[in-house]
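Here's the structure we're looking at; comments come further down.
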Amino acid sequence: MTSAESGTTVVVVTWRGAAHVTACLDALAAQTRPHRTLVVDNASDDGTAALLTAHPSRPEVVRLRRNKGYAGAMAEALRRVETPLMAWLNDDAAPEPMWLAELEDTLAEQPLAAAVTSRLELADGTTQSTGVRLTGDGHGADLTEPADEVFGFCGGAALLRTEAVRAVGGVPASFFCYYEDTDTAWRLRLAGWHVVAAPKARVHHLHGASTKPGSPLFHRWNERNRLLMLLRCAPAVVAAREVLRFAAITALLPLRPRKPAAANFRVGLRVRVLAEVLTRLPATLRERKIIDEVTALGRGAIWDAWAGL
């Protein structure tokens, strides 16, 4: 199907997805709404490329020479999307047949919304996400109860207005993985757009099939990208407070007789996070100024309206 015949390009990012990407493509082929499927393969070396070539739906495939992560691959995809709408979909997610129709219809009914998030369900039937909320310390956290409007969308399965995303600076490719969705939603909100939910747009999600939630690398990306997101999007006082809090906790950890077992409380990992944030600080502050140019609402107004709810 060509871009002219459909309103949405569904972008699937995969990396070593041989065990699950076929189920994702099968589910997309069963959608009731026409669309273009674009798969960005992050230099998989496990046979994924052959599966993509052999799939009867014949998706368009962009094969990257190196793994650029979810954020980098989405940024690459955005350059190639020609349709008014762009869906983000994890390669370990299998949407139900009405998924895309529910998302498109919801956006059509919400002209002030630039993004609509899906209902992601785990293998045991429990709800993983119905959207993303902003915590009082600047974390993005999954909601599990239905809501008409949410702070942000879950990047595992969502639909966005393509030009709105481009207008606010696109996808933060340097994040590599995690928080690229919350950062994008935050910038859309700063530009005056809304983010809504479509609880009937159901997706079955394996969650963490390509990455390992709870691993040191997972925590490194999460902690680093949260701080970078705050430096880009949050009120200056909030961003400075959270960076200093992270540094203070890191400095005091060796004095604690009992440290939490989670990897994000390892001093070495936290020091590396701080070093990466410091190294990227000049570029991040330049990005903050660019974001200011497309901001229609005050950073404080967005924070006050959504943080901690």
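Residues in the structure tokens are numbered from 1 in each chain, the chains being A, B, ... in the order shown, and ligands are numbered from 1 in the order shown.
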Tell me, as JSON, numbers by chain, which residues lie within 12 Å of segment 290-307 of chain A, counting only C-alpha atoms; anything in the same chain fewer than 2 positions away does not count. {"A": [132, 133, 134, 135, 136, 137, 138, 139, 140, 141, 149, 150, 151, 152, 164, 165, 166, 167, 168, 169, 170, 172, 183, 184, 185, 186, 187, 188, 189, 190, 191, 192, 193, 194, 195, 229, 230, 231, 232, 233, 234, 235, 236, 237, 238, 239, 283, 284, 285, 286, 287, 288, 309]}
Which residues are near Asp142 of chain A? Cut-off 8 Å, only C-alpha atoms, ignore same chain within fewer than 3 positions. Put them as a compact mmCIF listing (two decimals) with N, CA and C atoms, in the first residue's frame.
# COMPACT_ATOMS: atom_id res chain seq x y z
N GLN A 128 -0.46 -3.24 31.25
CA GLN A 128 0.86 -2.63 31.44
C GLN A 128 0.77 -1.12 31.39
N SER A 129 0.02 -0.59 30.42
CA SER A 129 -0.03 0.86 30.25
C SER A 129 -1.28 1.30 29.54
N THR A 130 -1.89 2.37 30.06
CA THR A 130 -2.95 3.08 29.36
C THR A 130 -2.52 4.53 29.10
N GLY A 131 -1.24 4.77 29.24
CA GLY A 131 -0.68 6.11 29.09
C GLY A 131 0.42 6.32 30.11
N VAL A 132 0.98 7.50 30.10
CA VAL A 132 2.11 7.83 30.99
C VAL A 132 1.78 9.05 31.82
N ARG A 133 2.08 8.96 33.12
CA ARG A 133 1.93 10.10 34.01
C ARG A 133 3.30 10.65 34.37
N CYS A 154 2.67 5.95 25.66
CA CYS A 154 3.65 4.88 25.76
C CYS A 154 4.15 4.58 24.35
Give me the residues near segment 211-225 of chain A as a ChimeraX atom specification, where near means some atom within 9 Å (using only C-alpha atoms) and where sequence neighbours in that chain fewer than 5 positions away do not count. /A:175-180,183,230,262-264,266,269-270,272-274,276-277
Can you write just those residues out, N, CA and C atoms, as an mmCIF file, in the first residue's frame?
data_model
loop_
_atom_site.group_PDB
_atom_site.id
_atom_site.type_symbol
_atom_site.label_atom_id
_atom_site.label_comp_id
_atom_site.auth_asym_id
_atom_site.auth_seq_id
_atom_site.Cartn_x
_atom_site.Cartn_y
_atom_site.Cartn_z
ATOM 1 N N PHE A 175 19.020 9.661 22.755
ATOM 2 C CA PHE A 175 18.585 8.927 23.947
ATOM 3 C C PHE A 175 18.851 7.427 23.800
ATOM 4 N N PHE A 176 18.924 6.945 22.591
ATOM 5 C CA PHE A 176 19.112 5.546 22.247
ATOM 6 C C PHE A 176 17.890 4.710 22.613
ATOM 7 N N CYS A 177 17.557 4.652 23.887
ATOM 8 C CA CYS A 177 16.448 3.814 24.320
ATOM 9 C C CYS A 177 15.901 4.323 25.645
ATOM 10 N N TYR A 178 14.590 4.441 25.730
ATOM 11 C CA TYR A 178 13.831 4.857 26.908
ATOM 12 C C TYR A 178 13.752 6.383 27.062
ATOM 13 N N TYR A 179 12.567 6.830 27.434
ATOM 14 C CA TYR A 179 12.208 8.228 27.671
ATOM 15 C C TYR A 179 12.096 9.058 26.399
ATOM 16 N N GLU A 180 12.372 8.470 25.229
ATOM 17 C CA GLU A 180 12.157 9.232 24.007
ATOM 18 C C GLU A 180 10.673 9.543 23.815
ATOM 19 N N ASP A 183 9.687 12.389 26.531
ATOM 20 C CA ASP A 183 10.289 13.644 26.083
ATOM 21 C C ASP A 183 9.509 14.225 24.904
ATOM 22 N N LEU A 230 14.552 16.204 31.617
ATOM 23 C CA LEU A 230 14.242 17.317 32.497
ATOM 24 C C LEU A 230 15.026 18.561 32.106
ATOM 25 N N ALA A 262 18.692 -2.820 43.726
ATOM 26 C CA ALA A 262 18.496 -2.458 42.322
ATOM 27 C C ALA A 262 19.762 -1.859 41.729
ATOM 28 N N ALA A 263 19.981 -2.135 40.444
ATOM 29 C CA ALA A 263 21.215 -1.704 39.781
ATOM 30 C C ALA A 263 21.361 -0.193 39.750
ATOM 31 N N ASN A 264 20.253 0.547 39.765
ATOM 32 C CA ASN A 264 20.371 2.002 39.720
ATOM 33 C C ASN A 264 20.850 2.609 41.026
ATOM 34 N N ARG A 266 23.762 1.358 42.272
ATOM 35 C CA ARG A 266 25.189 1.070 42.243
ATOM 36 C C ARG A 266 25.941 2.370 41.987
ATOM 37 N N LEU A 269 27.490 2.891 38.457
ATOM 38 C CA LEU A 269 26.511 3.177 37.410
ATOM 39 C C LEU A 269 26.050 4.629 37.505
ATOM 40 N N ARG A 270 25.784 5.089 38.715
ATOM 41 C CA ARG A 270 25.292 6.451 38.902
ATOM 42 C C ARG A 270 26.358 7.487 38.531
ATOM 43 N N ARG A 272 28.615 7.050 36.277
ATOM 44 C CA ARG A 272 28.641 7.065 34.821
ATOM 45 C C ARG A 272 27.495 7.879 34.262
ATOM 46 N N VAL A 273 26.311 7.745 34.856
ATOM 47 C CA VAL A 273 25.162 8.542 34.418
ATOM 48 C C VAL A 273 25.472 10.029 34.547
ATOM 49 N N LEU A 274 26.004 10.431 35.692
ATOM 50 C CA LEU A 274 26.324 11.843 35.895
ATOM 51 C C LEU A 274 27.371 12.325 34.897
ATOM 52 N N GLU A 276 27.866 11.159 31.879
ATOM 53 C CA GLU A 276 27.242 11.271 30.562
ATOM 54 C C GLU A 276 26.363 12.509 30.477
ATOM 55 N N VAL A 277 25.637 12.810 31.547
ATOM 56 C CA VAL A 277 24.798 14.012 31.554
ATOM 57 C C VAL A 277 25.678 15.259 31.469
#
Selection near segment 22-33 of chain A, 6 Å with only C-alpha atoms, sequence-local residues under 4 positions removed, as a PyMOL selection string: chain A and resi 91+93-95+97-98+101
Find the spatial neighbours of segment 114-119 of chain A, counting only C-alpha atoms, within a cut-off of 6 Å - ignore same-chain residues fewer than 4 positions away - and output them as a compact mmCIF listing (two decimals) with N, CA, C and O atoms, in the first residue's frame.
# COMPACT_ATOMS: atom_id res chain seq x y z
N SER A 129 0.02 -0.59 30.42
CA SER A 129 -0.03 0.86 30.25
C SER A 129 -1.28 1.30 29.54
O SER A 129 -1.70 0.70 28.55
N THR A 130 -1.89 2.37 30.06
CA THR A 130 -2.95 3.08 29.36
C THR A 130 -2.52 4.53 29.10
O THR A 130 -3.34 5.38 28.79
N GLY A 131 -1.24 4.77 29.24
CA GLY A 131 -0.68 6.11 29.09
C GLY A 131 0.42 6.32 30.11
O GLY A 131 0.74 5.43 30.89
N PHE A 153 2.29 9.52 26.03
CA PHE A 153 1.95 8.24 25.41
C PHE A 153 3.05 7.22 25.69
O PHE A 153 4.20 7.58 25.92
N ALA A 157 3.19 1.54 21.69
CA ALA A 157 2.06 1.48 20.76
C ALA A 157 1.29 2.79 20.85
O ALA A 157 0.54 3.00 21.80
N ALA A 158 1.49 3.65 19.89
CA ALA A 158 0.84 4.96 19.90
C ALA A 158 0.74 5.49 18.48
O ALA A 158 1.41 5.00 17.57
N LEU A 159 -0.11 6.51 18.31
CA LEU A 159 -0.30 7.16 17.01
C LEU A 159 -0.08 8.65 17.18
O LEU A 159 -0.63 9.26 18.10
N LEU A 160 0.71 9.24 16.28
CA LEU A 160 1.06 10.66 16.39
C LEU A 160 0.84 11.38 15.07
O LEU A 160 0.90 10.78 13.99
N ARG A 161 0.60 12.68 15.16
CA ARG A 161 0.54 13.52 13.97
C ARG A 161 1.97 13.81 13.51
O ARG A 161 2.76 14.42 14.25
N TRP A 193 -0.22 21.16 22.25
CA TRP A 193 -0.99 19.97 21.88
C TRP A 193 -1.42 19.18 23.10
O TRP A 193 -0.82 19.29 24.18
N VAL A 195 -2.48 15.14 24.62
CA VAL A 195 -2.22 13.72 24.44
C VAL A 195 -3.40 12.96 25.05
O VAL A 195 -3.76 13.21 26.21
N VAL A 196 -4.02 12.08 24.29
CA VAL A 196 -5.23 11.39 24.74
C VAL A 196 -5.01 9.88 24.71
O VAL A 196 -3.99 9.39 24.22
N ALA A 197 -5.98 9.16 25.22
CA ALA A 197 -5.89 7.70 25.30
C ALA A 197 -7.04 7.05 24.55
O ALA A 197 -8.14 7.61 24.46
N ALA A 198 -6.79 5.87 24.02
CA ALA A 198 -7.82 5.07 23.34
C ALA A 198 -7.81 3.69 23.98
O ALA A 198 -7.13 2.77 23.49
N PRO A 199 -8.54 3.50 25.08
CA PRO A 199 -8.48 2.23 25.81
C PRO A 199 -8.98 1.03 25.02
O PRO A 199 -8.66 -0.11 25.36
N ALA A 201 -8.09 0.50 21.96
CA ALA A 201 -7.00 0.14 21.04
C ALA A 201 -6.04 -0.78 21.79
O ALA A 201 -5.04 -0.36 22.35
N ARG A 202 -6.36 -2.05 21.80
CA ARG A 202 -5.65 -3.01 22.65
C ARG A 202 -4.48 -3.66 21.92
O ARG A 202 -4.58 -4.01 20.74
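Between atom CA of Thr144 of chain A and atom CA of Val11 of chain A lies a distance of 24.2 Å.
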Give the strand (DSSP E) residues of segment 76-306 of chain A, as DSSP finds them on the backbone, and put them as number ranges by chain. A: 85-90, 93-95, 113-121, 127-129, 132-134, 140-142, 157-161, 194-205
Contacts of segment 34-43 of chain A at 6 Å (only C-alpha atoms; same-chain gap of 3+ positions) as a PDB file with all heavy atoms, in the first residue's frame:
ATOM      1  N   MET A   1       0.840  -1.190   0.000  1.00  0.00           N
ATOM      2  CA  MET A   1       0.000   0.000   0.000  1.00  0.00           C
ATOM      3  C   MET A   1       0.870   1.232   0.000  1.00  0.00           C
ATOM      4  O   MET A   1       1.831   1.327   0.761  1.00  0.00           O
ATOM      5  CB  MET A   1      -0.923   0.009   1.221  1.00  0.00           C
ATOM      6  CG  MET A   1      -1.715   1.277   1.354  1.00  0.00           C
ATOM      7  SD  MET A   1      -3.338   1.073   2.050  1.00  0.00           S
ATOM      8  CE  MET A   1      -3.970  -0.360   1.267  1.00  0.00           C
ATOM      9  N   SER A   6      -3.072   5.556   2.078  1.00  0.00           N
ATOM     10  CA  SER A   6      -3.312   5.375   3.504  1.00  0.00           C
ATOM     11  C   SER A   6      -2.947   6.640   4.257  1.00  0.00           C
ATOM     12  O   SER A   6      -2.198   7.483   3.764  1.00  0.00           O
ATOM     13  CB  SER A   6      -2.482   4.193   4.030  1.00  0.00           C
ATOM     14  OG  SER A   6      -1.102   4.435   3.818  1.00  0.00           O
ATOM     15  N   THR A   8      -1.753   6.468   7.521  1.00  0.00           N
ATOM     16  CA  THR A   8      -0.833   6.149   8.610  1.00  0.00           C
ATOM     17  C   THR A   8       0.307   5.271   8.131  1.00  0.00           C
ATOM     18  O   THR A   8       0.097   4.319   7.371  1.00  0.00           O
ATOM     19  CB  THR A   8      -1.575   5.410   9.747  1.00  0.00           C
ATOM     20  OG1 THR A   8      -2.580   6.261  10.293  1.00  0.00           O
ATOM     21  CG2 THR A   8      -0.615   5.003  10.860  1.00  0.00           C
ATOM     22  N   THR A   9       1.494   5.598   8.590  1.00  0.00           N
ATOM     23  CA  THR A   9       2.640   4.697   8.475  1.00  0.00           C
ATOM     24  C   THR A   9       2.890   4.095   9.848  1.00  0.00           C
ATOM     25  O   THR A   9       3.120   4.827  10.815  1.00  0.00           O
ATOM     26  CB  THR A   9       3.908   5.439   8.011  1.00  0.00           C
ATOM     27  OG1 THR A   9       3.680   6.009   6.718  1.00  0.00           O
ATOM     28  CG2 THR A   9       5.102   4.491   7.955  1.00  0.00           C
ATOM     29  N   VAL A  10       2.809   2.781   9.945  1.00  0.00           N
ATOM     30  CA  VAL A  10       3.115   2.099  11.199  1.00  0.00           C
ATOM     31  C   VAL A  10       4.597   1.743  11.178  1.00  0.00           C
ATOM     32  O   VAL A  10       5.054   0.997  10.313  1.00  0.00           O
ATOM     33  CB  VAL A  10       2.274   0.817  11.379  1.00  0.00           C
ATOM     34  CG1 VAL A  10       2.639   0.133  12.700  1.00  0.00           C
ATOM     35  CG2 VAL A  10       0.787   1.151  11.347  1.00  0.00           C
ATOM     36  N   VAL A  11       5.340   2.302  12.144  1.00  0.00           N
ATOM     37  CA  VAL A  11       6.774   2.074  12.217  1.00  0.00           C
ATOM     38  C   VAL A  11       7.055   1.029  13.294  1.00  0.00           C
ATOM     39  O   VAL A  11       6.685   1.199  14.462  1.00  0.00           O
ATOM     40  CB  VAL A  11       7.536   3.366  12.539  1.00  0.00           C
ATOM     41  CG1 VAL A  11       9.046   3.084  12.652  1.00  0.00           C
ATOM     42  CG2 VAL A  11       7.267   4.425  11.472  1.00  0.00           C
ATOM     43  N   VAL A  12       7.704  -0.045  12.886  1.00  0.00           N
ATOM     44  CA  VAL A  12       8.115  -1.102  13.808  1.00  0.00           C
ATOM     45  C   VAL A  12       9.638  -1.090  13.874  1.00  0.00           C
ATOM     46  O   VAL A  12      10.306  -1.239  12.854  1.00  0.00           O
ATOM     47  CB  VAL A  12       7.629  -2.490  13.337  1.00  0.00           C
ATOM     48  CG1 VAL A  12       8.121  -3.583  14.291  1.00  0.00           C
ATOM     49  CG2 VAL A  12       6.109  -2.518  13.222  1.00  0.00           C
ATOM     50  N   VAL A  13      10.169  -0.878  15.062  1.00  0.00           N
ATOM     51  CA  VAL A  13      11.618  -0.938  15.265  1.00  0.00           C
ATOM     52  C   VAL A  13      11.959  -2.316  15.809  1.00  0.00           C
ATOM     53  O   VAL A  13      11.352  -2.782  16.783  1.00  0.00           O
ATOM     54  CB  VAL A  13      12.089   0.153  16.247  1.00  0.00           C
ATOM     55  CG1 VAL A  13      13.570  -0.027  16.575  1.00  0.00           C
ATOM     56  CG2 VAL A  13      11.836   1.531  15.652  1.00  0.00           C
ATOM     57  N   THR A  14      12.923  -2.964  15.178  1.00  0.00           N
ATOM     58  CA  THR A  14      13.303  -4.295  15.637  1.00  0.00           C
ATOM     59  C   THR A  14      14.808  -4.403  15.802  1.00  0.00           C
ATOM     60  O   THR A  14      15.575  -3.760  15.089  1.00  0.00           O
ATOM     61  CB  THR A  14      12.784  -5.376  14.662  1.00  0.00           C
ATOM     62  OG1 THR A  14      12.983  -6.669  15.229  1.00  0.00           O
ATOM     63  CG2 THR A  14      13.491  -5.306  13.318  1.00  0.00           C
ATOM     64  N   TRP A  15      15.207  -5.223  16.750  1.00  0.00           N
ATOM     65  CA  TRP A  15      16.610  -5.577  16.967  1.00  0.00           C
ATOM     66  C   TRP A  15      16.647  -7.002  17.509  1.00  0.00           C
ATOM     67  O   TRP A  15      16.103  -7.273  18.566  1.00  0.00           O
ATOM     68  CB  TRP A  15      17.281  -4.632  17.957  1.00  0.00           C
ATOM     69  CG  TRP A  15      18.705  -5.025  18.251  1.00  0.00           C
ATOM     70  CD1 TRP A  15      19.778  -4.954  17.404  1.00  0.00           C
ATOM     71  CD2 TRP A  15      19.205  -5.565  19.486  1.00  0.00           C
ATOM     72  NE1 TRP A  15      20.913  -5.407  18.030  1.00  0.00           N
ATOM     73  CE2 TRP A  15      20.602  -5.789  19.317  1.00  0.00           C
ATOM     74  CE3 TRP A  15      18.625  -5.859  20.713  1.00  0.00           C
ATOM     75  CZ2 TRP A  15      21.403  -6.312  20.315  1.00  0.00           C
ATOM     76  CZ3 TRP A  15      19.429  -6.387  21.721  1.00  0.00           C
ATOM     77  CH2 TRP A  15      20.798  -6.604  21.518  1.00  0.00           C
ATOM     78  N   PRO A  59       6.515  -5.863   4.115  1.00  0.00           N
ATOM     79  CA  PRO A  59       6.731  -4.535   4.686  1.00  0.00           C
ATOM     80  C   PRO A  59       7.946  -3.856   4.063  1.00  0.00           C
ATOM     81  O   PRO A  59       8.875  -4.519   3.596  1.00  0.00           O
ATOM     82  CB  PRO A  59       6.991  -4.835   6.164  1.00  0.00           C
ATOM     83  CG  PRO A  59       7.590  -6.206   6.159  1.00  0.00           C
ATOM     84  CD  PRO A  59       6.869  -6.938   5.059  1.00  0.00           C
ATOM     85  N   GLU A  60       7.897  -2.540   4.028  1.00  0.00           N
ATOM     86  CA  GLU A  60       9.087  -1.794   3.621  1.00  0.00           C
ATOM     87  C   GLU A  60      10.104  -1.893   4.756  1.00  0.00           C
ATOM     88  O   GLU A  60       9.751  -1.724   5.932  1.00  0.00           O
ATOM     89  CB  GLU A  60       8.735  -0.341   3.347  1.00  0.00           C
ATOM     90  CG  GLU A  60       9.912   0.509   2.908  1.00  0.00           C
ATOM     91  CD  GLU A  60       9.538   1.947   2.633  1.00  0.00           C
ATOM     92  OE1 GLU A  60       8.325   2.238   2.566  1.00  0.00           O
ATOM     93  OE2 GLU A  60      10.455   2.782   2.499  1.00  0.00           O
ATOM     94  N   VAL A  61      11.346  -2.165   4.443  1.00  0.00           N
ATOM     95  CA  VAL A  61      12.368  -2.381   5.464  1.00  0.00           C
ATOM     96  C   VAL A  61      13.533  -1.427   5.246  1.00  0.00           C
ATOM     97  O   VAL A  61      14.040  -1.294   4.125  1.00  0.00           O
ATOM     98  CB  VAL A  61      12.882  -3.836   5.459  1.00  0.00           C
ATOM     99  CG1 VAL A  61      13.979  -4.024   6.514  1.00  0.00           C
ATOM    100  CG2 VAL A  61      11.733  -4.809   5.698  1.00  0.00           C
ATOM    101  N   VAL A  62      13.928  -0.765   6.317  1.00  0.00           N
ATOM    102  CA  VAL A  62      15.158   0.027   6.336  1.00  0.00           C
ATOM    103  C   VAL A  62      16.113  -0.691   7.269  1.00  0.00           C
ATOM    104  O   VAL A  62      15.825  -0.841   8.468  1.00  0.00           O
ATOM    105  CB  VAL A  62      14.911   1.465   6.828  1.00  0.00           C
ATOM    106  CG1 VAL A  62      16.233   2.217   6.967  1.00  0.00           C
ATOM    107  CG2 VAL A  62      13.970   2.197   5.881  1.00  0.00           C
ATOM    108  N   ARG A  63      17.228  -1.147   6.754  1.00  0.00           N
ATOM    109  CA  ARG A  63      18.199  -1.874   7.575  1.00  0.00           C
ATOM    110  C   ARG A  63      19.364  -0.941   7.894  1.00  0.00           C
ATOM    111  O   ARG A  63      20.082  -0.496   6.996  1.00  0.00           O
ATOM    112  CB  ARG A  63      18.692  -3.132   6.861  1.00  0.00           C
ATOM    113  CG  ARG A  63      19.685  -3.943   7.697  1.00  0.00           C
ATOM    114  CD  ARG A  63      19.923  -5.316   7.098  1.00  0.00           C
ATOM    115  NE  ARG A  63      21.011  -6.012   7.766  1.00  0.00           N
ATOM    116  CZ  ARG A  63      20.887  -6.667   8.922  1.00  0.00           C
ATOM    117  NH1 ARG A  63      19.713  -6.702   9.537  1.00  0.00           N
ATOM    118  NH2 ARG A  63      21.924  -7.277   9.459  1.00  0.00           N
ATOM    119  N   LEU A  64      19.536  -0.645   9.170  1.00  0.00           N
ATOM    120  CA  LEU A  64      20.613   0.242   9.599  1.00  0.00           C
ATOM    121  C   LEU A  64      21.924  -0.530   9.712  1.00  0.00           C
ATOM    122  O   LEU A  64      21.936  -1.727   9.981  1.00  0.00           O
ATOM    123  CB  LEU A  64      20.260   0.884  10.949  1.00  0.00           C
ATOM    124  CG  LEU A  64      18.937   1.659  10.982  1.00  0.00           C
ATOM    125  CD1 LEU A  64      18.727   2.274  12.364  1.00  0.00           C
ATOM    126  CD2 LEU A  64      18.911   2.745   9.909  1.00  0.00           C
ATOM    127  N   ARG A  65      23.015   0.164   9.530  1.00  0.00           N
ATOM    128  CA  ARG A  65      24.325  -0.477   9.589  1.00  0.00           C
ATOM    129  C   ARG A  65      24.769  -0.754  11.018  1.00  0.00           C
ATOM    130  O   ARG A  65      25.642  -1.589  11.246  1.00  0.00           O
ATOM    131  CB  ARG A  65      25.368   0.408   8.895  1.00  0.00           C
ATOM    132  CG  ARG A  65      25.144   0.535   7.381  1.00  0.00           C
ATOM    133  CD  ARG A  65      26.260   1.331   6.740  1.00  0.00           C
ATOM    134  NE  ARG A  65      26.083   1.418   5.290  1.00  0.00           N
ATOM    135  CZ  ARG A  65      26.936   2.048   4.479  1.00  0.00           C
ATOM    136  NH1 ARG A  65      28.019   2.646   4.992  1.00  0.00           N
ATOM    137  NH2 ARG A  65      26.715   2.082   3.180  1.00  0.00           N
ATOM    138  N   ARG A  66      24.196  -0.035  11.960  1.00  0.00           N
ATOM    139  CA  ARG A  66      24.503  -0.272  13.371  1.00  0.00           C
ATOM    140  C   ARG A  66      23.246  -0.063  14.195  1.00  0.00           C
ATOM    141  O   ARG A  66      22.286   0.559  13.735  1.00  0.00           O
ATOM    142  CB  ARG A  66      25.622   0.656  13.856  1.00  0.00           C
ATOM    143  CG  ARG A  66      25.283   2.141  13.783  1.00  0.00           C
ATOM    144  CD  ARG A  66      26.435   3.009  14.259  1.00  0.00           C
ATOM    145  NE  ARG A  66      26.142   4.429  14.133  1.00  0.00           N
ATOM    146  CZ  ARG A  66      25.498   5.150  15.047  1.00  0.00           C
ATOM    147  NH1 ARG A  66      25.062   4.558  16.171  1.00  0.00           N
ATOM    148  NH2 ARG A  66      25.264   6.441  14.871  1.00  0.00           N
ATOM    149  N   ASN A  67      23.269  -0.581  15.396  1.00  0.00           N
ATOM    150  CA  ASN A  67      22.118  -0.458  16.281  1.00  0.00           C
ATOM    151  C   ASN A  67      22.041   0.964  16.836  1.00  0.00           C
ATOM    152  O   ASN A  67      22.912   1.380  17.608  1.00  0.00           O
ATOM    153  CB  ASN A  67      22.244  -1.474  17.421  1.00  0.00           C
ATOM    154  CG  ASN A  67      21.034  -1.475  18.334  1.00  0.00           C
ATOM    155  OD1 ASN A  67      20.067  -0.742  18.110  1.00  0.00           O
ATOM    156  ND2 ASN A  67      21.083  -2.293  19.374  1.00  0.00           N
TER     157      ASN A  67
END
Residue set, segment 28-230 of chain A restricted to alpha helix (DSSP H), as a PyMOL selection string: chain A and resi 28-29+48-54+69-80+99-109+162-167+180-190+216-230
What does the distance between atom CA of Trp99 of chain A and atom CA of His205 of chain A come to in Å, to one decimal place?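 We find that atom CA of Trp99 of chain A and atom CA of His205 of chain A lie 13.2 Å from each other.
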What is the atom CA of Arg79 of chain A to atom CA of Leu278 of chain A distance in Å? 29.0 Å
